[in-house]
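Asks: Here's a structure for you.
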Amino acid sequence: MDATVAVTAVDEVGPDTYAIRFETPEGLTAEPGQFVKLGTEIDGEHVARFYTLSSPTVGETFEVTVGIDPEEGGEFSAFLAAVEPGVEMTLAGPFGDQHYDGEGRVVVLAGGPGV
């Protein structure tokens with residue numbers, strides 16, 4: 001799915017860590033553990049990065065949680081650190097076929113840059 005989504009809320013949930021909530025576009029279905037590609041235009045260039053969904057559902061809204069290093073982060077990190085409700089971004093996805101399917105017992109091992 002490719003869509004435009006608007007930020008509905010931004011909460012600081014830890015030092016330099018933000019939970020960013022978006023309106024869910026019609027037709028988006030995703031499972032816990034999948035990820036999306038969010039993008040915006042910075043200095044006339046489209047920039048996009050991948051983020052794992054941190055909300056358990058994608059009902060009316062969905063959420064990603066990002067840790068931002070203020071000294072080492074790039075332009076997109078700086079954009080997300082200052083993003084406010086109402087800002088629109090591009091969305092692609094969801095991606096990934098490894099996700100929670102409601103099993104009774106689960107062992108999860110993960111790695112990567114996500115929070």
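We name chains A, B, ... following the order of the structure tokens; residues begin at 1 in each chain, and ligands are numbered from 1 as shown.
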Do you know which residues are at most 10 Å from stretch 62-64 of chain A counting only C-alpha atoms, after dropping those on the same chain fewer than 2 positions away, and could you put them as a PyMOL selection string?
Replies: chain A and resi 7-10+18-25+28+30+35-36+38+50-60+66+114-115
Asks: So which residues of chain A fall under alpha helix (DSSP H) by DSSP, listed as a PyMOL selection string?
Replies: chain A and resi 75-82
Asks: Take the residues that were just selected and, keeping N, CA and C atoms, output them as a PDB file, in the first residue's frame.
Replies:
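Now in selection_36.pdb:
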ATOM      1  N   GLU A  75      19.173  13.973   8.907  1.00  0.00           N
ATOM      2  CA  GLU A  75      18.116  14.942   8.626  1.00  0.00           C
ATOM      3  C   GLU A  75      16.726  14.379   8.931  1.00  0.00           C
ATOM      4  N   PHE A  76      16.512  13.111   8.607  1.00  0.00           N
ATOM      5  CA  PHE A  76      15.194  12.525   8.847  1.00  0.00           C
ATOM      6  C   PHE A  76      14.928  12.398  10.345  1.00  0.00           C
ATOM      7  N   SER A  77      15.953  12.042  11.109  1.00  0.00           N
ATOM      8  CA  SER A  77      15.801  11.980  12.569  1.00  0.00           C
ATOM      9  C   SER A  77      15.446  13.341  13.133  1.00  0.00           C
ATOM     10  N   ALA A  78      16.121  14.386  12.654  1.00  0.00           N
ATOM     11  CA  ALA A  78      15.825  15.752  13.117  1.00  0.00           C
ATOM     12  C   ALA A  78      14.401  16.143  12.753  1.00  0.00           C
ATOM     13  N   PHE A  79      13.958  15.744  11.567  1.00  0.00           N
ATOM     14  CA  PHE A  79      12.579  16.011  11.151  1.00  0.00           C
ATOM     15  C   PHE A  79      11.600  15.342  12.110  1.00  0.00           C
ATOM     16  N   LEU A  80      11.828  14.060  12.423  1.00  0.00           N
ATOM     17  CA  LEU A  80      10.919  13.338  13.324  1.00  0.00           C
ATOM     18  C   LEU A  80      10.944  13.905  14.739  1.00  0.00           C
ATOM     19  N   ALA A  81      12.094  14.361  15.198  1.00  0.00           N
ATOM     20  CA  ALA A  81      12.188  14.922  16.547  1.00  0.00           C
ATOM     21  C   ALA A  81      11.351  16.181  16.680  1.00  0.00           C
ATOM     22  N   ALA A  82      11.112  16.875  15.576  1.00  0.00           N
ATOM     23  CA  ALA A  82      10.363  18.137  15.612  1.00  0.00           C
ATOM     24  C   ALA A  82       8.959  18.018  15.014  1.00  0.00           C
TER      25      ALA A  82
END
Asks: Calculated over only C-alpha atoms, which of the candidates A:Pro70, A:Gly44, A:Gly33, A:Gly27 has the smallest distance to A:Phe95?
Replies: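 Distance minimum relative to A:Phe95 lands on A:Gly33.
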Asks: Looking at only C-alpha atoms, which of A:Gly74, A:Asp2, A:Pro15, A:Gln34 is the one that sits closest to A:Arg49?
Replies: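 Selected residue with least distance to A:Arg49: A:Gly74.
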